[in-house]
Structures are given as structure tokens and as C-alpha cells.
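**Q** First the structure, then my questions, so here it is.
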Amino acid sequence: MQLNQITDYVVIAGMIVVALATGVSTALDFYIKRAKELHKPVPQQLMTIDEIAKFVVAEEATLDLTGAEKKIKATQDLIDQAKAEGKNITTSVAKGAVQQAYNEAKQEQAANTTDEDKETVQPIGFVSQDEGDDAHEG
């Protein structure tokens with residue numbers, strides 16, 4: 001290949017990259033303008049009550065409160081967060097979700113503890129020196 005051919009290929013590759021980038025930019029601009037015209041909000045991830053309860057219970061576990069105080073605070077925090085996300089939830093449902101999240105966290109912690117106990121290092125059995133000597137003498 002000559003230098004002219006290499007230069008031509010580089011210029012063509014550059015044009016292709018610019019054309020693709022322009023096409024993507026144009027498509028995104030069209031999509032954004034169309035979404036604004038339709039007043040369509042950008043999709044947001046909504047958490048379920050169970051997911052919120054898990055986060056609330058995990059947060060309350062770090063506080064220096066009694067168990068009953070933690071449950072009351074977690075329930076109120078869950079209700080507040082649900083309202084912030086536009087979800088209506090009753091106090092009894094919030095209490096149940098908090099209790100379920102607490103139970104699941106406790107079960108998971110117990111399962112992790114037993115797994116760690118199973119994975120403890122076991123000593124390797126060695127033949128004592130006396131037993132080894134008897135084997136060679138015979």
C-alpha cells in the first residue's frame with residue numbers, strides 16, 4: 001500500500017464515524033423533542049414496599065434504640081417513603097412489611113453464620129512418628 005491509499009482509507013473511516021455520530025445525535029434529538037411534546041416523563045425505577053422495608057430495616061439496625069423503638073421508627077420511615085413515591089400504605093401493612101423484612105434479614109444472617117461455621121478449617125490428620133516407625137520396621 002502506498003501512503004495515498006492509507007490516507008484515503010483513514011479519511012473514509014473518519015467520514016463513517018462522523019456520519020454515525022451525526023445519525024445517533026439526530027435520533028436522540030428527535031426522541032427528546034418528541035418526549036417533551038408528549039409530556040412523557042423519563043422512566044424512573046419505582047421500588048416496591050418490600051424493597052423499601054428492607055432498606056429501612058437495615059438503616060434502623062444501625063441506630064442505638066430498643067427493638068420496639070426501631071420498629072416504630074422503621075414503620076414511620078416506610079410510610080413516609082411510600083408517600084414520597086406516591087404509594088398509599090396503611091400502618092398495619094407497613095408494620096407487617098417491616099416485620100417481614102426484619103425476619104428475612106435475621107434468617108439471612110443465621111444462614112450466613114452456619115455457612116461460615118461449615119467452612120472452618122479442619123486440621124489435617126498426620127501419622128504420629130511412632131506409628132510411622134512401626135510401619136517401616138515390619
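In the C-alpha cells, each chain is lettered A, B, ... as it comes, each chain's residues begin at 1, and ligands are numbered from 1 in order of appearance.
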Neighbours of Gln100 (chain A) within 10 Å (only C-alpha atoms; same-chain residues fewer than 3 positions away dropped), as a short mmCIF file (atom, residue, chain, number, x, y, z; two decimals) with N, CA, C and O atoms, in the first residue's frame?
**A**
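Saved result, result08.cif, follows:
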```
data_model
loop_
_atom_site.label_atom_id
_atom_site.label_comp_id
_atom_site.auth_asym_id
_atom_site.auth_seq_id
_atom_site.Cartn_x
_atom_site.Cartn_y
_atom_site.Cartn_z
N ASP A 50 -41.79 -3.90 49.75
CA ASP A 50 -40.85 -4.85 50.36
C ASP A 50 -39.41 -4.36 50.26
O ASP A 50 -38.64 -4.49 51.21
N ALA A 53 -38.90 -1.55 52.66
CA ALA A 53 -38.86 -2.06 54.03
C ALA A 53 -37.48 -2.65 54.34
O ALA A 53 -36.96 -2.45 55.44
N LYS A 54 -36.87 -3.34 53.39
CA LYS A 54 -35.54 -3.92 53.62
C LYS A 54 -34.52 -2.83 53.88
O LYS A 54 -33.69 -2.95 54.78
N VAL A 57 -35.24 -1.26 57.39
CA VAL A 57 -34.83 -2.14 58.49
C VAL A 57 -33.31 -2.14 58.61
O VAL A 57 -32.77 -2.09 59.72
N ALA A 94 -47.61 -1.49 56.76
CA ALA A 94 -46.23 -1.05 56.97
C ALA A 94 -45.58 -1.86 58.10
O ALA A 94 -44.43 -2.29 57.97
N LYS A 95 -46.32 -2.07 59.19
CA LYS A 95 -45.78 -2.88 60.30
C LYS A 95 -45.46 -4.29 59.82
O LYS A 95 -44.43 -4.85 60.16
N GLY A 96 -46.36 -4.87 59.03
CA GLY A 96 -46.14 -6.22 58.51
C GLY A 96 -44.93 -6.29 57.58
O GLY A 96 -44.14 -7.22 57.64
N ALA A 97 -44.78 -5.29 56.72
CA ALA A 97 -43.64 -5.26 55.80
C ALA A 97 -42.32 -5.11 56.56
O ALA A 97 -41.33 -5.77 56.22
N ASN A 103 -37.51 -10.28 59.67
CA ASN A 103 -37.41 -11.75 59.73
C ASN A 103 -36.48 -12.28 58.63
O ASN A 103 -35.67 -13.17 58.87
N GLU A 104 -36.62 -11.74 57.43
CA GLU A 104 -35.77 -12.18 56.32
C GLU A 104 -34.30 -11.85 56.58
O GLU A 104 -33.42 -12.66 56.30
N ALA A 105 -34.05 -10.67 57.13
CA ALA A 105 -32.67 -10.28 57.44
C ALA A 105 -32.09 -11.19 58.51
O ALA A 105 -30.92 -11.60 58.42
N LYS A 106 -32.90 -11.54 59.49
CA LYS A 106 -32.44 -12.42 60.56
C LYS A 106 -32.15 -13.83 60.03
O LYS A 106 -31.14 -14.43 60.38
#
```
**Q** Compile the contact shell of region 68-71 of chain A as a list in words: residues with an atom at most 10 Å away, counting only C-alpha atoms, same-chain residues fewer than 6 positions apart removed.
**A**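 Everything that qualifies: Val56, Val57, Glu59, Glu60, Ala61, Thr62, Asp77, Lys95, Val98, Gln99 and Tyr102 of chain A.
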**Q** Please return as a CSV table (one decimal) with N, CA, C and O atoms, in the first residue's frame: the residues of region 22-113 of chain A that backbone DSSP assigns to alpha helix (DSSP H).
**A**
```csv
chain,number,residue,atom,x,y,z
A,22,THR,N,-23.4,11.6,13.8
A,22,THR,CA,-24.4,12.6,13.5
A,22,THR,C,-25.8,11.9,13.5
A,22,THR,O,-26.8,12.5,13.9
A,23,GLY,N,-25.9,10.7,13.0
A,23,GLY,CA,-27.1,10.0,12.9
A,23,GLY,C,-27.7,9.7,14.3
A,23,GLY,O,-28.8,9.8,14.6
A,24,VAL,N,-26.8,9.2,15.2
A,24,VAL,CA,-27.2,9.0,16.6
A,24,VAL,C,-27.6,10.3,17.3
A,24,VAL,O,-28.6,10.3,18.0
A,25,SER,N,-26.9,11.3,17.1
A,25,SER,CA,-27.3,12.6,17.7
A,25,SER,C,-28.6,13.1,17.2
A,25,SER,O,-29.4,13.6,18.0
A,26,THR,N,-28.9,13.0,15.9
A,26,THR,CA,-30.1,13.4,15.3
A,26,THR,C,-31.3,12.5,15.9
A,26,THR,O,-32.3,13.1,16.2
A,27,ALA,N,-31.1,11.2,16.0
A,27,ALA,CA,-32.1,10.3,16.5
A,27,ALA,C,-32.4,10.7,18.0
A,27,ALA,O,-33.6,10.7,18.4
A,28,LEU,N,-31.4,11.0,18.8
A,28,LEU,CA,-31.6,11.3,20.2
A,28,LEU,C,-32.3,12.7,20.3
A,28,LEU,O,-33.2,12.8,21.1
A,29,ASP,N,-31.9,13.6,19.5
A,29,ASP,CA,-32.6,14.9,19.5
A,29,ASP,C,-34.1,14.8,19.2
A,29,ASP,O,-35.0,15.4,19.8
A,30,PHE,N,-34.4,14.0,18.2
A,30,PHE,CA,-35.8,13.7,17.8
A,30,PHE,C,-36.6,13.1,18.9
A,30,PHE,O,-37.7,13.5,19.3
A,31,TYR,N,-36.0,12.1,19.6
A,31,TYR,CA,-36.6,11.4,20.7
A,31,TYR,C,-36.9,12.3,21.8
A,31,TYR,O,-38.0,12.3,22.4
A,32,ILE,N,-35.9,13.1,22.2
A,32,ILE,CA,-36.1,14.0,23.3
A,32,ILE,C,-37.1,15.1,23.0
A,32,ILE,O,-38.0,15.4,23.9
A,33,LYS,N,-37.1,15.6,21.8
A,33,LYS,CA,-38.2,16.6,21.4
A,33,LYS,C,-39.6,16.0,21.4
A,33,LYS,O,-40.5,16.6,21.9
A,34,ARG,N,-39.7,14.8,20.9
A,34,ARG,CA,-41.0,14.1,20.9
A,34,ARG,C,-41.4,13.8,22.3
A,34,ARG,O,-42.6,13.9,22.6
A,35,ALA,N,-40.6,13.4,23.2
A,35,ALA,CA,-40.9,13.1,24.6
A,35,ALA,C,-41.4,14.4,25.3
A,35,ALA,O,-42.3,14.3,26.1
A,36,LYS,N,-40.8,15.5,25.0
A,36,LYS,CA,-41.2,16.8,25.6
A,36,LYS,C,-42.5,17.2,25.1
A,36,LYS,O,-43.4,17.7,25.8
A,37,GLU,N,-42.8,16.9,23.8
A,37,GLU,CA,-44.1,17.3,23.2
A,37,GLU,C,-45.2,16.5,23.8
A,37,GLU,O,-46.3,17.0,24.1
A,49,ILE,N,-42.9,-1.9,48.1
A,49,ILE,CA,-42.9,-1.7,49.5
A,49,ILE,C,-41.9,-2.7,50.2
A,49,ILE,O,-41.2,-2.3,51.2
A,50,ASP,N,-41.8,-3.9,49.8
A,50,ASP,CA,-40.9,-4.9,50.4
A,50,ASP,C,-39.4,-4.4,50.3
A,50,ASP,O,-38.6,-4.5,51.2
A,51,GLU,N,-39.0,-3.8,49.1
A,51,GLU,CA,-37.7,-3.3,48.9
A,51,GLU,C,-37.4,-2.1,49.8
A,51,GLU,O,-36.3,-2.0,50.5
A,52,ILE,N,-38.4,-1.2,50.0
A,52,ILE,CA,-38.2,-0.1,50.8
A,52,ILE,C,-38.1,-0.6,52.3
A,52,ILE,O,-37.2,-0.1,53.0
A,53,ALA,N,-38.9,-1.5,52.7
A,53,ALA,CA,-38.9,-2.1,54.0
A,53,ALA,C,-37.5,-2.6,54.3
A,53,ALA,O,-37.0,-2.5,55.4
A,54,LYS,N,-36.9,-3.3,53.4
A,54,LYS,CA,-35.5,-3.9,53.6
A,54,LYS,C,-34.5,-2.8,53.9
A,54,LYS,O,-33.7,-2.9,54.8
A,55,PHE,N,-34.6,-1.8,53.1
A,55,PHE,CA,-33.6,-0.7,53.3
A,55,PHE,C,-33.9,0.0,54.7
A,55,PHE,O,-32.9,0.4,55.4
A,56,VAL,N,-35.1,0.2,55.0
A,56,VAL,CA,-35.5,0.9,56.3
A,56,VAL,C,-35.0,0.1,57.4
A,56,VAL,O,-34.4,0.6,58.4
A,57,VAL,N,-35.2,-1.3,57.4
A,57,VAL,CA,-34.8,-2.1,58.5
A,57,VAL,C,-33.3,-2.1,58.6
A,57,VAL,O,-32.8,-2.1,59.7
A,58,ALA,N,-32.6,-2.2,57.5
A,58,ALA,CA,-31.2,-2.1,57.5
A,58,ALA,C,-30.7,-0.8,58.2
A,58,ALA,O,-29.7,-0.8,58.9
A,59,GLU,N,-31.3,0.3,57.8
A,59,GLU,CA,-30.9,1.5,58.4
A,59,GLU,C,-31.2,1.6,59.9
A,59,GLU,O,-30.4,2.1,60.7
A,60,GLU,N,-32.3,1.1,60.3
A,60,GLU,CA,-32.7,1.2,61.7
A,60,GLU,C,-31.8,0.3,62.6
A,60,GLU,O,-31.6,0.5,63.7
A,67,GLY,N,-35.5,-2.4,70.5
A,67,GLY,CA,-36.2,-3.1,69.4
A,67,GLY,C,-37.5,-2.5,69.0
A,67,GLY,O,-37.9,-2.3,67.9
A,68,ALA,N,-38.3,-2.2,70.1
A,68,ALA,CA,-39.7,-1.6,69.8
A,68,ALA,C,-39.5,-0.2,69.2
A,68,ALA,O,-40.3,0.1,68.3
A,69,GLU,N,-38.6,0.6,69.7
A,69,GLU,CA,-38.4,1.9,69.1
A,69,GLU,C,-37.9,1.8,67.7
A,69,GLU,O,-38.4,2.6,66.8
A,70,LYS,N,-37.1,0.9,67.4
A,70,LYS,CA,-36.6,0.7,66.0
A,70,LYS,C,-37.8,0.3,65.1
A,70,LYS,O,-37.9,0.8,64.0
A,71,LYS,N,-38.7,-0.6,65.6
A,71,LYS,CA,-39.8,-1.0,64.8
A,71,LYS,C,-40.8,0.2,64.5
A,71,LYS,O,-41.2,0.4,63.4
A,72,ILE,N,-41.0,1.0,65.5
A,72,ILE,CA,-41.9,2.2,65.4
A,72,ILE,C,-41.3,3.1,64.4
A,72,ILE,O,-41.9,3.6,63.4
A,73,LYS,N,-40.0,3.4,64.5
A,73,LYS,CA,-39.3,4.3,63.6
A,73,LYS,C,-39.2,3.8,62.2
A,73,LYS,O,-39.5,4.5,61.2
A,74,ALA,N,-39.0,2.5,62.0
A,74,ALA,CA,-38.9,1.9,60.7
A,74,ALA,C,-40.3,1.9,60.0
A,74,ALA,O,-40.4,2.2,58.8
A,75,THR,N,-41.3,1.7,60.8
A,75,THR,CA,-42.7,1.7,60.2
A,75,THR,C,-43.0,3.1,59.8
A,75,THR,O,-43.5,3.3,58.6
A,76,GLN,N,-42.7,4.1,60.6
A,76,GLN,CA,-43.0,5.5,60.2
A,76,GLN,C,-42.1,5.9,58.9
A,76,GLN,O,-42.6,6.6,58.0
A,77,ASP,N,-40.8,5.5,58.9
A,77,ASP,CA,-40.0,5.8,57.8
A,77,ASP,C,-40.5,5.2,56.5
A,77,ASP,O,-40.5,5.7,55.4
A,78,LEU,N,-41.0,3.9,56.6
A,78,LEU,CA,-41.6,3.2,55.5
A,78,LEU,C,-42.8,4.0,55.0
A,78,LEU,O,-43.0,4.1,53.7
A,79,ILE,N,-43.7,4.4,55.9
A,79,ILE,CA,-44.9,5.1,55.4
A,79,ILE,C,-44.5,6.4,54.8
A,79,ILE,O,-45.0,6.8,53.7
A,80,ASP,N,-43.5,7.1,55.3
A,80,ASP,CA,-43.1,8.4,54.7
A,80,ASP,C,-42.5,8.2,53.3
A,80,ASP,O,-42.8,8.9,52.4
A,81,GLN,N,-41.6,7.2,53.2
A,81,GLN,CA,-41.0,6.9,51.9
A,81,GLN,C,-42.1,6.5,50.9
A,81,GLN,O,-42.0,6.9,49.7
A,82,ALA,N,-43.0,5.6,51.3
A,82,ALA,CA,-44.1,5.2,50.4
A,82,ALA,C,-44.9,6.4,49.9
A,82,ALA,O,-45.2,6.5,48.7
A,83,LYS,N,-45.2,7.3,50.8
A,83,LYS,CA,-45.9,8.5,50.4
A,83,LYS,C,-45.1,9.4,49.4
A,83,LYS,O,-45.7,9.9,48.5
A,84,ALA,N,-43.8,9.4,49.7
A,84,ALA,CA,-42.9,10.2,48.8
A,84,ALA,C,-43.0,9.6,47.4
A,84,ALA,O,-42.8,10.4,46.4
A,91,THR,N,-50.9,1.7,58.2
A,91,THR,CA,-49.9,1.4,59.2
A,91,THR,C,-49.8,-0.1,59.5
A,91,THR,O,-48.7,-0.5,59.7
A,92,SER,N,-50.9,-0.8,59.4
A,92,SER,CA,-50.8,-2.3,59.6
A,92,SER,C,-50.0,-2.9,58.5
A,92,SER,O,-49.2,-3.9,58.8
A,93,VAL,N,-50.1,-2.5,57.3
A,93,VAL,CA,-49.3,-3.1,56.2
A,93,VAL,C,-47.9,-2.7,56.4
A,93,VAL,O,-47.0,-3.5,56.1
A,94,ALA,N,-47.6,-1.5,56.8
A,94,ALA,CA,-46.2,-1.1,57.0
A,94,ALA,C,-45.6,-1.9,58.1
A,94,ALA,O,-44.4,-2.3,58.0
A,95,LYS,N,-46.3,-2.1,59.2
A,95,LYS,CA,-45.8,-2.9,60.3
A,95,LYS,C,-45.5,-4.3,59.8
A,95,LYS,O,-44.4,-4.9,60.2
A,96,GLY,N,-46.4,-4.9,59.0
A,96,GLY,CA,-46.1,-6.2,58.5
A,96,GLY,C,-44.9,-6.3,57.6
A,96,GLY,O,-44.1,-7.2,57.6
A,97,ALA,N,-44.8,-5.3,56.7
A,97,ALA,CA,-43.6,-5.3,55.8
A,97,ALA,C,-42.3,-5.1,56.6
A,97,ALA,O,-41.3,-5.8,56.2
A,98,VAL,N,-42.3,-4.3,57.6
A,98,VAL,CA,-41.1,-4.1,58.4
A,98,VAL,C,-40.8,-5.4,59.1
A,98,VAL,O,-39.6,-5.8,59.2
A,99,GLN,N,-41.8,-6.1,59.7
A,99,GLN,CA,-41.6,-7.3,60.4
A,99,GLN,C,-41.0,-8.4,59.5
A,99,GLN,O,-40.1,-9.1,59.8
A,100,GLN,N,-41.6,-8.5,58.3
A,100,GLN,CA,-41.2,-9.4,57.3
A,100,GLN,C,-39.7,-9.2,56.9
A,100,GLN,O,-38.9,-10.1,56.8
A,101,ALA,N,-39.4,-7.9,56.6
A,101,ALA,CA,-38.0,-7.6,56.3
A,101,ALA,C,-37.1,-7.9,57.4
A,101,ALA,O,-36.0,-8.4,57.1
A,102,TYR,N,-37.5,-7.7,58.6
A,102,TYR,CA,-36.6,-8.0,59.8
A,102,TYR,C,-36.4,-9.5,59.8
A,102,TYR,O,-35.3,-10.0,60.0
A,103,ASN,N,-37.5,-10.3,59.7
A,103,ASN,CA,-37.4,-11.7,59.7
A,103,ASN,C,-36.5,-12.3,58.6
A,103,ASN,O,-35.7,-13.2,58.9
A,104,GLU,N,-36.6,-11.7,57.4
A,104,GLU,CA,-35.8,-12.2,56.3
A,104,GLU,C,-34.3,-11.8,56.6
A,104,GLU,O,-33.4,-12.7,56.3
A,105,ALA,N,-34.1,-10.7,57.1
A,105,ALA,CA,-32.7,-10.3,57.4
A,105,ALA,C,-32.1,-11.2,58.5
A,105,ALA,O,-30.9,-11.6,58.4
A,106,LYS,N,-32.9,-11.5,59.5
A,106,LYS,CA,-32.4,-12.4,60.6
A,106,LYS,C,-32.1,-13.8,60.0
A,106,LYS,O,-31.1,-14.4,60.4
A,107,GLN,N,-33.0,-14.3,59.2
A,107,GLN,CA,-32.8,-15.7,58.6
A,107,GLN,C,-31.6,-15.7,57.7
A,107,GLN,O,-30.8,-16.6,57.7
A,108,GLU,N,-31.4,-14.6,56.9
A,108,GLU,CA,-30.2,-14.5,56.1
A,108,GLU,C,-28.9,-14.5,56.9
A,108,GLU,O,-27.9,-15.1,56.6
A,109,GLN,N,-29.0,-13.7,58.0
A,109,GLN,CA,-27.8,-13.7,58.9
A,109,GLN,C,-27.5,-15.0,59.5
A,109,GLN,O,-26.4,-15.4,59.6
A,110,ALA,N,-28.6,-15.7,59.9
A,110,ALA,CA,-28.4,-17.1,60.5
A,110,ALA,C,-27.8,-18.0,59.5
A,110,ALA,O,-26.9,-18.9,59.8
A,111,ALA,N,-28.3,-17.9,58.2
A,111,ALA,CA,-27.8,-18.8,57.2
A,111,ALA,C,-26.3,-18.5,56.9
A,111,ALA,O,-25.5,-19.4,56.7
A,112,ASN,N,-25.9,-17.2,56.9
A,112,ASN,CA,-24.5,-16.9,56.7
A,112,ASN,C,-23.6,-17.4,57.8
A,112,ASN,O,-22.5,-17.8,57.6
A,113,THR,N,-24.1,-17.3,59.0
A,113,THR,CA,-23.4,-17.8,60.2
A,113,THR,C,-23.1,-19.3,60.1
A,113,THR,O,-22.0,-19.7,60.3
```
**Q** Between CA of Asn4 (chain A) and CA of Ile16 (chain A), what distance in Å does the model show, to one decimal?
**A**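 That distance, rounded to one decimal, is 18.5 Å.
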